[in-house]
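Below is protein-v4.tsv, holding TSV, C-alpha atoms.
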```
chain	number	residue	atom	x	y	z
A	1	MET	CA	0.00	0.00	0.00
A	2	ASN	CA	1.16	3.51	-0.78
A	3	VAL	CA	-0.17	6.75	0.70
A	4	VAL	CA	0.31	10.24	-0.70
A	5	VAL	CA	-1.15	13.31	1.03
A	6	GLU	CA	-2.21	16.45	-0.76
A	7	GLN	CA	-3.31	19.49	1.18
A	8	ARG	CA	-6.14	21.41	-0.40
A	9	PRO	CA	-7.68	24.59	0.99
A	10	THR	CA	-10.75	22.85	2.42
A	11	ALA	CA	-9.54	19.31	3.05
A	12	ALA	CA	-6.60	16.97	3.19
A	13	VAL	CA	-6.69	14.39	0.42
A	14	VAL	CA	-5.12	11.06	1.24
A	15	ARG	CA	-4.53	9.12	-1.96
A	16	ILE	CA	-4.27	5.39	-1.28
A	17	THR	CA	-3.08	2.73	-3.68
A	18	GLY	CA	-3.03	-1.00	-3.00
A	19	SER	CA	-4.87	-3.05	-0.40
A	20	VAL	CA	-6.33	-1.78	2.85
A	21	ASP	CA	-6.03	-4.87	4.99
A	22	GLY	CA	-4.54	-6.39	8.11
A	23	LEU	CA	-1.01	-5.77	6.88
A	24	THR	CA	-1.50	-2.13	5.99
A	25	ALA	CA	-4.33	-0.86	8.20
A	26	ASP	CA	-2.09	0.39	11.03
A	27	ALA	CA	0.06	2.44	8.67
A	28	LEU	CA	-2.99	3.89	6.99
A	29	GLN	CA	-4.63	4.78	10.28
A	30	ALA	CA	-1.39	6.46	11.37
A	31	ALA	CA	-1.37	8.50	8.16
A	32	PHE	CA	-4.91	9.67	8.79
A	33	ARG	CA	-4.17	10.44	12.43
A	34	GLU	CA	-1.19	12.51	11.41
A	35	GLN	CA	-3.49	14.73	9.36
A	36	VAL	CA	-5.97	15.19	12.18
A	37	ASP	CA	-3.21	15.81	14.73
A	38	GLY	CA	-1.84	18.41	12.34
A	39	GLY	CA	-5.18	20.21	12.32
A	40	ALA	CA	-6.67	18.81	9.12
A	41	THR	CA	-9.96	17.44	10.43
A	42	ARG	CA	-11.61	17.39	7.03
A	43	VAL	CA	-10.14	14.40	5.30
A	44	VAL	CA	-10.90	12.81	1.94
A	45	ALA	CA	-9.64	9.32	1.18
A	46	ASP	CA	-9.05	8.89	-2.53
A	47	MET	CA	-9.93	5.22	-2.92
A	48	ALA	CA	-9.62	5.03	-6.70
A	49	GLY	CA	-6.44	3.00	-6.35
A	50	VAL	CA	-7.73	0.65	-3.65
A	51	GLU	CA	-8.62	-2.75	-5.02
A	52	TYR	CA	-9.36	-4.53	-1.75
A	53	THR	CA	-10.34	-3.99	1.85
A	54	SER	CA	-10.77	-6.48	4.67
A	55	SER	CA	-12.17	-6.18	8.19
A	56	ALA	CA	-8.94	-4.62	9.48
A	57	GLY	CA	-9.14	-2.01	6.73
A	58	LEU	CA	-12.74	-1.25	7.61
A	59	ARG	CA	-11.79	-0.75	11.24
A	60	ALA	CA	-9.10	1.75	10.19
A	61	LEU	CA	-11.64	3.68	8.12
A	62	LEU	CA	-14.12	3.70	10.98
A	63	ALA	CA	-11.50	4.85	13.49
A	64	THR	CA	-10.64	7.73	11.17
A	65	LEU	CA	-14.28	8.62	10.72
A	66	LYS	CA	-14.76	8.81	14.49
A	67	LEU	CA	-11.53	10.74	14.98
A	68	THR	CA	-12.34	13.43	12.44
A	69	ARG	CA	-15.89	13.86	13.72
A	70	GLN	CA	-14.68	14.03	17.33
A	71	HIS	CA	-12.55	16.96	16.19
A	72	GLY	CA	-15.40	18.70	14.42
A	73	GLY	CA	-14.51	17.56	10.92
A	74	ASP	CA	-15.48	14.68	8.69
A	75	PHE	CA	-14.03	11.83	6.69
A	76	ARG	CA	-15.29	11.22	3.17
A	77	LEU	CA	-14.46	8.69	0.49
A	78	ALA	CA	-13.92	9.31	-3.20
A	79	GLY	CA	-13.67	7.02	-6.21
A	80	VAL	CA	-14.51	3.80	-4.43
A	81	GLN	CA	-14.07	0.85	-6.80
A	82	PRO	CA	-16.84	-1.75	-7.26
A	83	ASN	CA	-15.12	-4.55	-5.30
A	84	VAL	CA	-14.52	-2.29	-2.32
A	85	LEU	CA	-17.96	-0.73	-2.60
A	86	LYS	CA	-19.51	-4.18	-2.28
A	87	VAL	CA	-17.72	-4.73	1.03
A	88	LEU	CA	-18.59	-1.23	2.27
A	89	GLU	CA	-22.25	-1.84	1.47
A	90	LEU	CA	-22.32	-5.27	3.07
A	91	SER	CA	-20.75	-3.96	6.25
A	92	GLY	CA	-23.04	-0.96	6.56
A	93	PHE	CA	-20.38	1.67	5.93
A	94	THR	CA	-22.26	3.33	3.09
A	95	SER	CA	-24.96	4.30	5.56
A	96	ILE	CA	-22.59	6.17	7.88
A	97	LEU	CA	-19.97	7.50	5.45
A	98	LYS	CA	-20.37	9.93	2.59
A	99	LEU	CA	-19.11	8.66	-0.75
A	100	TYR	CA	-18.34	10.70	-3.87
A	101	ASP	CA	-17.49	9.73	-7.41
A	102	ASP	CA	-14.21	11.62	-7.40
A	103	VAL	CA	-11.88	13.65	-5.23
A	104	ASP	CA	-13.07	17.01	-6.53
A	105	GLY	CA	-16.64	16.14	-5.60
A	106	ALA	CA	-15.61	15.04	-2.12
A	107	VAL	CA	-13.43	18.08	-1.49
A	108	GLY	CA	-16.14	20.37	-2.89
A	109	SER	CA	-18.69	18.85	-0.53
A	110	PHE	CA	-16.92	20.50	2.39
A	111	GLY	CA	-17.69	23.94	0.94
A	112	ALA	CA	-15.38	26.87	1.31
B	1	MET	CA	-1.07	-12.97	13.33
B	2	SER	CA	0.10	-15.73	15.54
B	3	GLY	CA	0.99	-19.27	14.61
B	4	GLU	CA	2.75	-20.62	11.59
B	5	SER	CA	0.01	-22.78	10.13
B	6	ARG	CA	-1.72	-22.10	6.88
B	7	ARG	CA	-5.14	-22.57	8.37
B	8	VAL	CA	-8.28	-20.51	8.20
B	9	SER	CA	-11.81	-20.71	9.56
B	10	LEU	CA	-14.59	-20.82	7.00
B	11	VAL	CA	-18.09	-19.45	7.38
B	12	ILE	CA	-20.60	-20.29	4.66
B	13	GLY	CA	-23.73	-18.22	4.87
B	14	ALA	CA	-27.26	-18.71	3.63
B	15	GLY	CA	-27.80	-18.66	-0.12
B	16	SER	CA	-29.46	-21.87	-1.37
B	17	VAL	CA	-27.85	-22.96	-4.64
B	18	LYS	CA	-25.34	-20.10	-4.48
B	19	CYS	CA	-23.77	-21.85	-1.50
B	20	ALA	CA	-22.29	-24.36	-3.97
B	21	ALA	CA	-19.72	-21.61	-4.57
B	22	ALA	CA	-18.13	-22.94	-1.38
B	23	LEU	CA	-16.95	-25.93	-3.40
B	24	GLY	CA	-15.02	-23.61	-5.69
B	25	LEU	CA	-13.59	-21.91	-2.64
B	26	TRP	CA	-12.56	-25.26	-1.24
B	27	ARG	CA	-10.87	-26.24	-4.53
B	28	ALA	CA	-8.86	-23.02	-4.47
B	29	LEU	CA	-7.79	-23.54	-0.85
B	30	ILE	CA	-6.68	-27.10	-1.55
B	31	ARG	CA	-4.73	-25.95	-4.60
B	32	HIS	CA	-2.82	-23.48	-2.44
B	33	GLY	CA	-2.31	-25.85	0.48
B	34	ILE	CA	-4.52	-23.91	2.86
B	35	GLU	CA	-6.36	-25.95	5.46
B	36	LEU	CA	-9.52	-25.31	7.45
B	37	ASP	CA	-9.47	-25.28	11.23
B	38	MET	CA	-13.22	-24.84	11.59
B	39	VAL	CA	-16.31	-24.69	9.40
B	40	VAL	CA	-19.51	-22.86	10.23
B	41	GLY	CA	-22.59	-23.22	8.07
B	42	CYS	CA	-25.96	-21.60	7.90
B	43	SER	CA	-28.95	-22.68	5.83
B	44	GLY	CA	-27.71	-23.84	2.39
B	45	GLY	CA	-24.21	-23.18	3.64
B	46	SER	CA	-24.66	-25.86	6.29
B	47	LEU	CA	-24.79	-28.52	3.56
B	48	TYR	CA	-21.30	-27.63	2.39
B	49	ALA	CA	-19.90	-26.98	5.83
B	50	ALA	CA	-21.08	-30.43	6.89
B	51	THR	CA	-19.77	-32.27	3.83
B	52	MET	CA	-16.38	-30.55	4.16
B	53	ALA	CA	-16.21	-31.31	7.88
B	54	LEU	CA	-17.07	-34.96	7.32
B	55	GLY	CA	-14.19	-35.30	4.90
B	56	TYR	CA	-16.01	-35.80	1.62
B	57	ASP	CA	-13.82	-34.74	-1.29
B	58	VAL	CA	-14.74	-31.86	-3.57
B	59	ASP	CA	-15.85	-34.03	-6.48
B	60	THR	CA	-18.10	-36.10	-4.24
B	61	CYS	CA	-19.58	-32.92	-2.81
B	62	GLU	CA	-20.34	-31.67	-6.29
B	63	ARG	CA	-22.06	-34.95	-7.11
B	64	LEU	CA	-24.02	-34.83	-3.87
B	65	THR	CA	-25.09	-31.28	-4.66
B	66	ARG	CA	-26.51	-32.36	-7.98
B	67	GLU	CA	-28.31	-35.24	-6.31
B	68	LEU	CA	-29.68	-33.15	-3.46
B	69	TRP	CA	-30.63	-29.87	-5.08
B	70	THR	CA	-32.99	-31.19	-7.68
B	71	LYS	CA	-36.47	-29.99	-8.39
B	72	ASP	CA	-37.72	-33.25	-6.88
B	73	VAL	CA	-37.16	-31.91	-3.38
B	74	THR	CA	-39.78	-29.24	-4.01
B	75	MET	CA	-42.25	-31.21	-6.10
B	76	GLU	CA	-44.41	-32.68	-3.40
B	77	ARG	CA	-46.76	-30.20	-1.78
B	78	ASP	CA	-47.56	-30.60	1.89
B	79	THR	CA	-51.26	-30.56	1.13
B	80	ARG	CA	-52.39	-31.23	4.65
B	81	GLY	CA	-50.14	-28.49	5.99
B	82	ILE	CA	-51.43	-26.00	3.43
B	83	LEU	CA	-55.06	-26.88	4.15
B	84	ALA	CA	-54.44	-26.66	7.89
B	85	ALA	CA	-53.04	-23.16	7.38
B	86	ILE	CA	-56.15	-22.15	5.43
B	87	PHE	CA	-58.62	-23.86	7.78
B	88	PRO	CA	-56.73	-23.79	11.09
B	89	LYS	CA	-59.64	-24.61	13.36
B	90	LEU	CA	-61.09	-27.29	11.15
B	91	LEU	CA	-57.85	-29.16	10.52
B	92	GLY	CA	-55.87	-28.20	13.61
B	93	PHE	CA	-52.99	-25.93	12.62
B	94	ASP	CA	-50.09	-26.93	14.86
B	95	GLY	CA	-48.02	-23.76	14.64
B	96	LYS	CA	-45.55	-25.17	12.13
B	97	PHE	CA	-45.87	-24.68	8.43
B	98	GLY	CA	-44.24	-25.54	5.15
B	99	MET	CA	-45.77	-25.65	1.70
B	100	VAL	CA	-43.43	-28.37	0.50
B	101	HIS	CA	-43.37	-31.86	1.97
B	102	ASP	CA	-39.93	-32.72	3.28
B	103	ARG	CA	-40.01	-36.41	2.34
B	104	ALA	CA	-37.77	-36.06	-0.73
B	105	MET	CA	-35.40	-33.71	1.01
B	106	GLY	CA	-35.09	-36.04	3.97
B	107	LYS	CA	-34.21	-38.87	1.63
B	108	ALA	CA	-31.59	-36.77	-0.13
B	109	LEU	CA	-30.02	-35.60	3.14
B	110	ALA	CA	-29.93	-39.13	4.51
B	111	GLY	CA	-27.35	-40.12	1.88
B	112	PRO	CA	-24.43	-37.98	3.07
B	113	PHE	CA	-25.60	-37.20	6.61
B	114	GLY	CA	-27.79	-40.07	7.81
B	115	GLY	CA	-26.44	-41.46	11.09
B	116	ARG	CA	-23.43	-39.12	11.03
B	117	THR	CA	-22.57	-37.03	14.05
B	118	PHE	CA	-20.60	-33.88	14.77
B	119	GLU	CA	-18.25	-36.00	16.83
B	120	GLU	CA	-17.15	-37.80	13.64
B	121	ALA	CA	-16.26	-34.59	11.84
B	122	LYS	CA	-12.62	-34.25	10.81
B	123	ILE	CA	-12.84	-30.48	11.14
B	124	PRO	CA	-14.82	-28.82	13.97
B	125	LEU	CA	-18.28	-28.05	12.62
B	126	HIS	CA	-20.98	-25.66	13.79
B	127	VAL	CA	-24.41	-25.32	12.21
B	128	VAL	CA	-26.63	-22.32	12.81
B	129	THR	CA	-30.40	-22.57	13.18
B	130	THR	CA	-33.14	-20.41	14.67
B	131	ASP	CA	-35.50	-21.22	17.52
B	132	LEU	CA	-39.03	-20.91	16.17
B	133	GLU	CA	-40.47	-20.05	19.57
B	134	THR	CA	-37.97	-17.43	20.78
B	135	GLY	CA	-36.24	-16.31	17.58
B	136	ALA	CA	-32.88	-16.97	19.21
B	137	LYS	CA	-29.94	-18.22	17.22
B	138	VAL	CA	-29.20	-21.84	18.08
B	139	VAL	CA	-25.75	-23.17	17.21
B	140	LEU	CA	-25.59	-26.94	16.93
B	141	SER	CA	-22.14	-28.45	17.49
B	142	SER	CA	-22.90	-31.94	18.69
B	143	GLY	CA	-25.27	-34.78	17.95
B	144	SER	CA	-26.88	-35.60	14.64
B	145	ILE	CA	-25.60	-33.74	11.60
B	146	PHE	CA	-28.68	-34.77	9.65
B	147	ASP	CA	-30.92	-33.06	12.21
B	148	ALA	CA	-28.74	-29.95	12.28
B	149	VAL	CA	-28.66	-29.53	8.51
B	150	ARG	CA	-32.37	-30.32	8.14
B	151	ALA	CA	-33.18	-27.65	10.72
B	152	SER	CA	-30.77	-25.11	9.26
B	153	ILE	CA	-32.34	-25.33	5.80
B	154	ALA	CA	-35.94	-25.14	7.00
B	155	ILE	CA	-36.70	-22.14	4.79
B	156	PRO	CA	-39.72	-20.30	6.19
B	157	TYR	CA	-42.97	-21.13	4.38
B	158	VAL	CA	-41.21	-23.75	2.24
B	159	TRP	CA	-40.32	-26.46	4.73
B	160	ARG	CA	-41.59	-27.15	8.20
B	161	PRO	CA	-39.25	-26.44	11.07
B	162	TRP	CA	-37.40	-29.42	12.52
B	163	GLN	CA	-37.33	-30.56	16.11
B	164	VAL	CA	-33.95	-30.99	17.79
B	165	GLY	CA	-33.58	-31.52	21.52
B	166	GLY	CA	-37.15	-30.50	22.21
B	167	ARG	CA	-36.90	-27.22	20.31
B	168	TRP	CA	-38.47	-26.50	16.95
B	169	LEU	CA	-35.77	-25.02	14.77
B	170	LEU	CA	-36.01	-22.97	11.63
B	171	ASP	CA	-33.61	-21.78	8.93
B	172	GLY	CA	-30.48	-20.21	10.44
B	173	CYS	CA	-30.79	-17.25	8.08
B	174	MET	CA	-33.66	-15.95	10.21
B	175	SER	CA	-31.23	-15.13	13.03
B	176	ASP	CA	-27.74	-14.97	11.51
B	177	PRO	CA	-27.44	-15.30	7.71
B	178	LEU	CA	-23.63	-15.16	7.76
B	179	PRO	CA	-22.62	-16.36	11.24
B	180	VAL	CA	-19.11	-14.96	11.45
B	181	ASP	CA	-19.66	-14.44	15.19
B	182	VAL	CA	-19.72	-18.19	15.73
B	183	ALA	CA	-16.22	-18.47	14.25
B	184	ILE	CA	-15.07	-15.51	16.37
B	185	ARG	CA	-16.49	-17.07	19.52
B	186	GLU	CA	-14.90	-20.42	18.77
B	187	GLY	CA	-11.47	-18.84	18.46
B	188	GLY	CA	-11.21	-18.25	14.72
B	189	HIS	CA	-8.38	-15.95	13.69
B	190	VAL	CA	-8.32	-15.53	9.94
B	191	ILE	CA	-11.93	-16.04	8.91
B	192	LEU	CA	-13.12	-16.49	5.35
B	193	ALA	CA	-16.71	-15.34	5.12
B	194	MET	CA	-18.63	-16.49	2.06
B	195	GLY	CA	-21.98	-14.77	2.06
B	196	PHE	CA	-24.84	-14.05	-0.28
B	197	GLU	CA	-27.72	-11.66	-0.29
B	198	SER	CA	-31.13	-13.22	-0.79
B	199	PRO	CA	-32.50	-12.65	-4.27
B	200	PHE	CA	-35.78	-10.89	-4.80
B	201	PRO	CA	-38.42	-12.54	-6.97
B	202	ARG	CA	-38.37	-11.17	-10.50
B	203	ARG	CA	-42.06	-10.37	-10.21
B	204	VAL	CA	-44.24	-10.42	-7.13
B	205	LYS	CA	-47.32	-12.00	-8.64
B	206	SER	CA	-48.54	-14.19	-5.82
B	207	ALA	CA	-48.81	-14.19	-2.04
B	208	THR	CA	-46.01	-16.74	-1.93
B	209	ARG	CA	-43.66	-14.50	-3.83
B	210	TYR	CA	-44.70	-11.61	-1.65
B	211	ALA	CA	-43.67	-13.69	1.36
B	212	PHE	CA	-40.29	-14.38	-0.28
B	213	GLN	CA	-39.88	-10.70	-1.05
B	214	VAL	CA	-40.51	-9.76	2.57
B	215	ASN	CA	-38.23	-12.57	3.74
B	216	SER	CA	-35.41	-11.33	1.54
B	217	ILE	CA	-35.79	-7.79	2.84
B	218	TYR	CA	-35.55	-9.00	6.43
B	219	THR	CA	-32.63	-11.33	5.94
B	220	ASN	CA	-30.58	-8.98	3.75
B	221	ASN	CA	-30.87	-6.20	6.30
B	222	LEU	CA	-30.00	-8.66	9.05
B	223	LEU	CA	-27.00	-9.87	7.07
B	224	ARG	CA	-25.62	-6.35	6.71
B	225	ALA	CA	-26.26	-5.36	10.30
B	226	ASN	CA	-24.64	-8.49	11.69
B	227	TYR	CA	-21.71	-8.35	9.30
B	228	ALA	CA	-21.00	-4.74	10.23
B	229	PHE	CA	-20.86	-5.64	13.89
B	230	HIS	CA	-18.72	-8.74	13.35
B	231	ASN	CA	-16.21	-6.76	11.29
B	232	LEU	CA	-15.75	-4.26	14.05
B	233	ALA	CA	-15.74	-6.82	16.85
B	234	HIS	CA	-13.10	-9.19	15.49
B	235	HIS	CA	-9.51	-8.79	16.62
B	236	ALA	CA	-7.99	-10.23	13.46
B	237	GLU	CA	-9.12	-10.66	9.88
B	238	ILE	CA	-12.45	-11.39	8.29
B	239	ILE	CA	-11.92	-11.82	4.59
B	240	PRO	CA	-15.14	-11.58	2.61
B	241	ILE	CA	-15.47	-13.96	-0.31
B	242	LEU	CA	-18.32	-12.58	-2.36
B	243	PRO	CA	-18.78	-14.41	-5.66
B	244	ALA	CA	-20.22	-12.27	-8.43
B	245	PHE	CA	-22.98	-13.69	-10.57
B	246	ASP	CA	-23.87	-12.17	-13.93
B	247	ARG	CA	-27.20	-13.98	-14.09
B	248	PRO	CA	-30.09	-14.67	-11.73
B	249	ILE	CA	-29.52	-17.72	-9.54
B	250	GLY	CA	-32.86	-18.90	-8.20
B	251	LEU	CA	-33.57	-21.03	-5.19
B	252	PHE	CA	-33.35	-24.18	-7.27
B	253	SER	CA	-31.29	-23.15	-10.30
B	254	THR	CA	-29.43	-26.44	-10.11
B	255	GLU	CA	-28.42	-26.22	-13.75
B	256	GLN	CA	-26.26	-23.26	-12.73
B	257	ILE	CA	-24.22	-25.25	-10.19
B	258	PRO	CA	-21.05	-25.60	-12.34
B	259	TYR	CA	-21.15	-21.84	-12.98
B	260	VAL	CA	-21.75	-21.11	-9.29
B	261	ILE	CA	-18.79	-23.29	-8.29
B	262	ALA	CA	-16.57	-21.59	-10.86
B	263	GLN	CA	-17.52	-18.15	-9.55
B	264	GLY	CA	-16.75	-19.26	-6.00
B	265	GLU	CA	-13.34	-20.46	-7.12
B	266	LYS	CA	-12.68	-17.21	-8.94
B	267	ALA	CA	-13.68	-15.06	-5.97
B	268	THR	CA	-11.42	-17.10	-3.71
B	269	GLU	CA	-8.45	-16.94	-6.08
B	270	GLU	CA	-8.73	-13.17	-5.92
B	271	GLN	CA	-8.10	-13.33	-2.16
B	272	ILE	CA	-5.26	-15.86	-2.24
B	273	PRO	CA	-2.47	-13.28	-2.74
B	274	TYR	CA	-3.58	-11.46	0.41
B	275	LEU	CA	-3.88	-14.72	2.34
B	276	GLU	CA	-0.36	-15.65	1.24
B	277	ARG	CA	0.90	-12.27	2.45
B	278	LEU	CA	-0.90	-12.78	5.76
B	279	PHE	CA	0.70	-16.20	6.21
B	280	ALA	CA	4.10	-14.80	5.25
B	281	GLY	CA	3.61	-12.03	7.80
B	282	ALA	CA	2.76	-14.57	10.48
B	283	ALA	CA	5.91	-16.57	9.78
B	284	THR	CA	8.26	-13.60	10.14
```

Could you show the structure in this file as structure tokens?
Amino acid sequence: MNVVVEQRPTAAVVRITGSVDGLTADALQAAFREQVDGGATRVVADMAGVEYTSSAGLRALLATLKLTRQHGGDFRLAGVQPNVLKVLELSGFTSILKLYDDVDGAVGSFGA
Amino acid sequence: MSGESRRVSLVIGAGSVKCAAALGLWRALIRHGIELDMVVGCSGGSLYAATMALGYDVDTCERLTRELWTKDVTMERDTRGILAAIFPKLLGFDGKFGMVHDRAMGKALAGPFGGRTFEEAKIPLHVVTTDLETGAKVVLSSGSIFDAVRASIAIPYVWRPWQVGGRWLLDGCMSDPLPVDVAIREGGHVILAMGFESPFPRRVKSATRYAFQVNSIYTNNLLRANYAFHNLAHHAEIIPILPAFDRPIGLFSTEQIPYVIAQGEKATEEQIPYLERLFAGAAT
């Protein structure tokens, strides 16, 4: 898994490529936490390059969601691929997380 | 991950004929030298969990599937049961109901499971059913496998519930369509979860189909709610194996079994690289 962070005026965009699973979830969660600790409580995960997520990955996403909201922000997903979307739907995440087709849509959803 | 073994726990959820995808999964695991340390089955999934646990080989299981899931098992109406439901006072409705007589199904199940017990299983086996009276999930892990499977596949309105140990038991999908929690409770670490959403009838043109529609709504929502909780509750990995089907697979689409198995194998192969990485991580 590879993570690249881009700071935009209204949100931090975390671009993820690879699998979000038991071997990578801790590193990903740390990357998200680093953004929140640095004051970026509005976070967008660019999931276009994520081909797989397991239960450990879902727990990392949920922890980030709670963390950002506890700090007055939010965590939103962009470009979720069909295989990952299926898992998110099955595990109820699509009912508690906001999903957008692309990063621009997700960043724009935060407003100015 | 702890331990150096290449073993996983397998949960096969409800899904009627779609559950045959578990045979494809099993083929893929064998090919990659991955063993099962526990099998949990619910509803149609209990058939495959039980055959795997008893040590039948994949080819035999496929043959048994073809023999069991034929239209014959649904051909004979339970006329007395239907009439008793329509005229309860006149014919004495006993609180249990199924439109289809279970004679043919019982005969089919007797082949692989007749006289066999959980204690004979080569892999620990757990079968999930539902208590008709209380709605509680009932996990059967000892005694007659025939009884457990018969109870677990007692699809509401189709087959009568089945009595085990003084309790009338119904299809496990009514309480836990994909019982990952059973594997968690029994100490599962890496858990493969093969689950299926219940299909909706193409057209709701009868009361029976309406009942199936409502059933599917209930069980699909239950599946998602339970799965969400299990994902968050587990300390290790739950790896979903979700075969994709490009065509409708009905309750008794037995002609689709080879396709269903192939899709199960494909979905499993997609997860093998991650499993291999997990095992490699455990060994270092």

Original post:
For Ala63 in chain A, which residue among B:Lys18, B:Val164, B:Val260, B:Leu232 is the nearest when counting only C-alpha atoms?
Top reply: B:Leu232

Original post:
Could you name the residues that touch range 83-100 of chain A at 8 Å or less, counting all atoms listed in the file, but leaving out those on the same chain fewer than 5 positions away, as a ChimeraX atom specification?
Top reply: /A:50-53,58,65,75-78,105-106 /B:223-225,227-229,231,240

Please provide as a PDB file with C-alpha atoms, in the frame of the given file all residues within 10 Å of Thr65 in chain B, with the sequence filter that same-chain residues fewer than 6 positions apart are discarded (counting all atoms listed in the file).
```pdb
ATOM      1  CA  VAL B  17     -27.850 -22.960  -4.640  1.00  0.00           C
ATOM      2  CA  ALA B  20     -22.290 -24.360  -3.970  1.00  0.00           C
ATOM      3  CA  LEU B  23     -16.950 -25.930  -3.400  1.00  0.00           C
ATOM      4  CA  LEU B  47     -24.790 -28.520   3.560  1.00  0.00           C
ATOM      5  CA  TYR B  48     -21.300 -27.630   2.390  1.00  0.00           C
ATOM      6  CA  ASP B  59     -15.850 -34.030  -6.480  1.00  0.00           C
ATOM      7  CA  ALA B 108     -31.590 -36.770  -0.130  1.00  0.00           C
ATOM      8  CA  THR B 254     -29.430 -26.440 -10.110  1.00  0.00           C
ATOM      9  CA  ILE B 257     -24.220 -25.250 -10.190  1.00  0.00           C
TER      10      ILE B 257
END
```

**OP:** For CA of Ile123 in chain B and CA of Asp21 in chain A, determine how far apart the two atoms are, in Å to one decimal place.
**Re:**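 Between CA of Ile123 in chain B and CA of Asp21 in chain A the gap works out to 27.2 Å.
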
Subject >> Nearest candidate to Ala30 in chain A (options A:Gln70, A:Thr64, A:Thr10, A:Asn2; using only C-alpha atoms) >> reply: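 Among the listed residues, the smallest separation from Ala30 in chain A belongs to A:Thr64.
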
**OP:** Within 10 Å of chain A, which residues of chain B are there when counting all atoms listed in the file? Please give them as a PyMOL selection string.
**Re:** chain B and resi 1+191+195-197+220-221+223-242+244+270-271+274+277-278+281

Please determine an axis-aligned box that encloses all atoms of range 57-74 of chain A listed in the file, with 3 Å added on each side, and express its centre and edge lengths in Å to one decimal as JSON.
```
{"center_x": -12.5, "center_y": 8.3, "center_z": 12.0, "size_x": 12.8, "size_y": 26.7, "size_z": 16.6}
```

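Atom to atom, CA of Pro201 in chain B and CA of Ile217 in chain B stand 11.2 Å apart.
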
**OP:** Measure the distance from CA of Glu119 in chain B to CA of Leu140 in chain B in Å and round it to one decimal.
**Re:**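 About the pair CA of Glu119 in chain B and CA of Leu140 in chain B: they are 11.7 Å apart.
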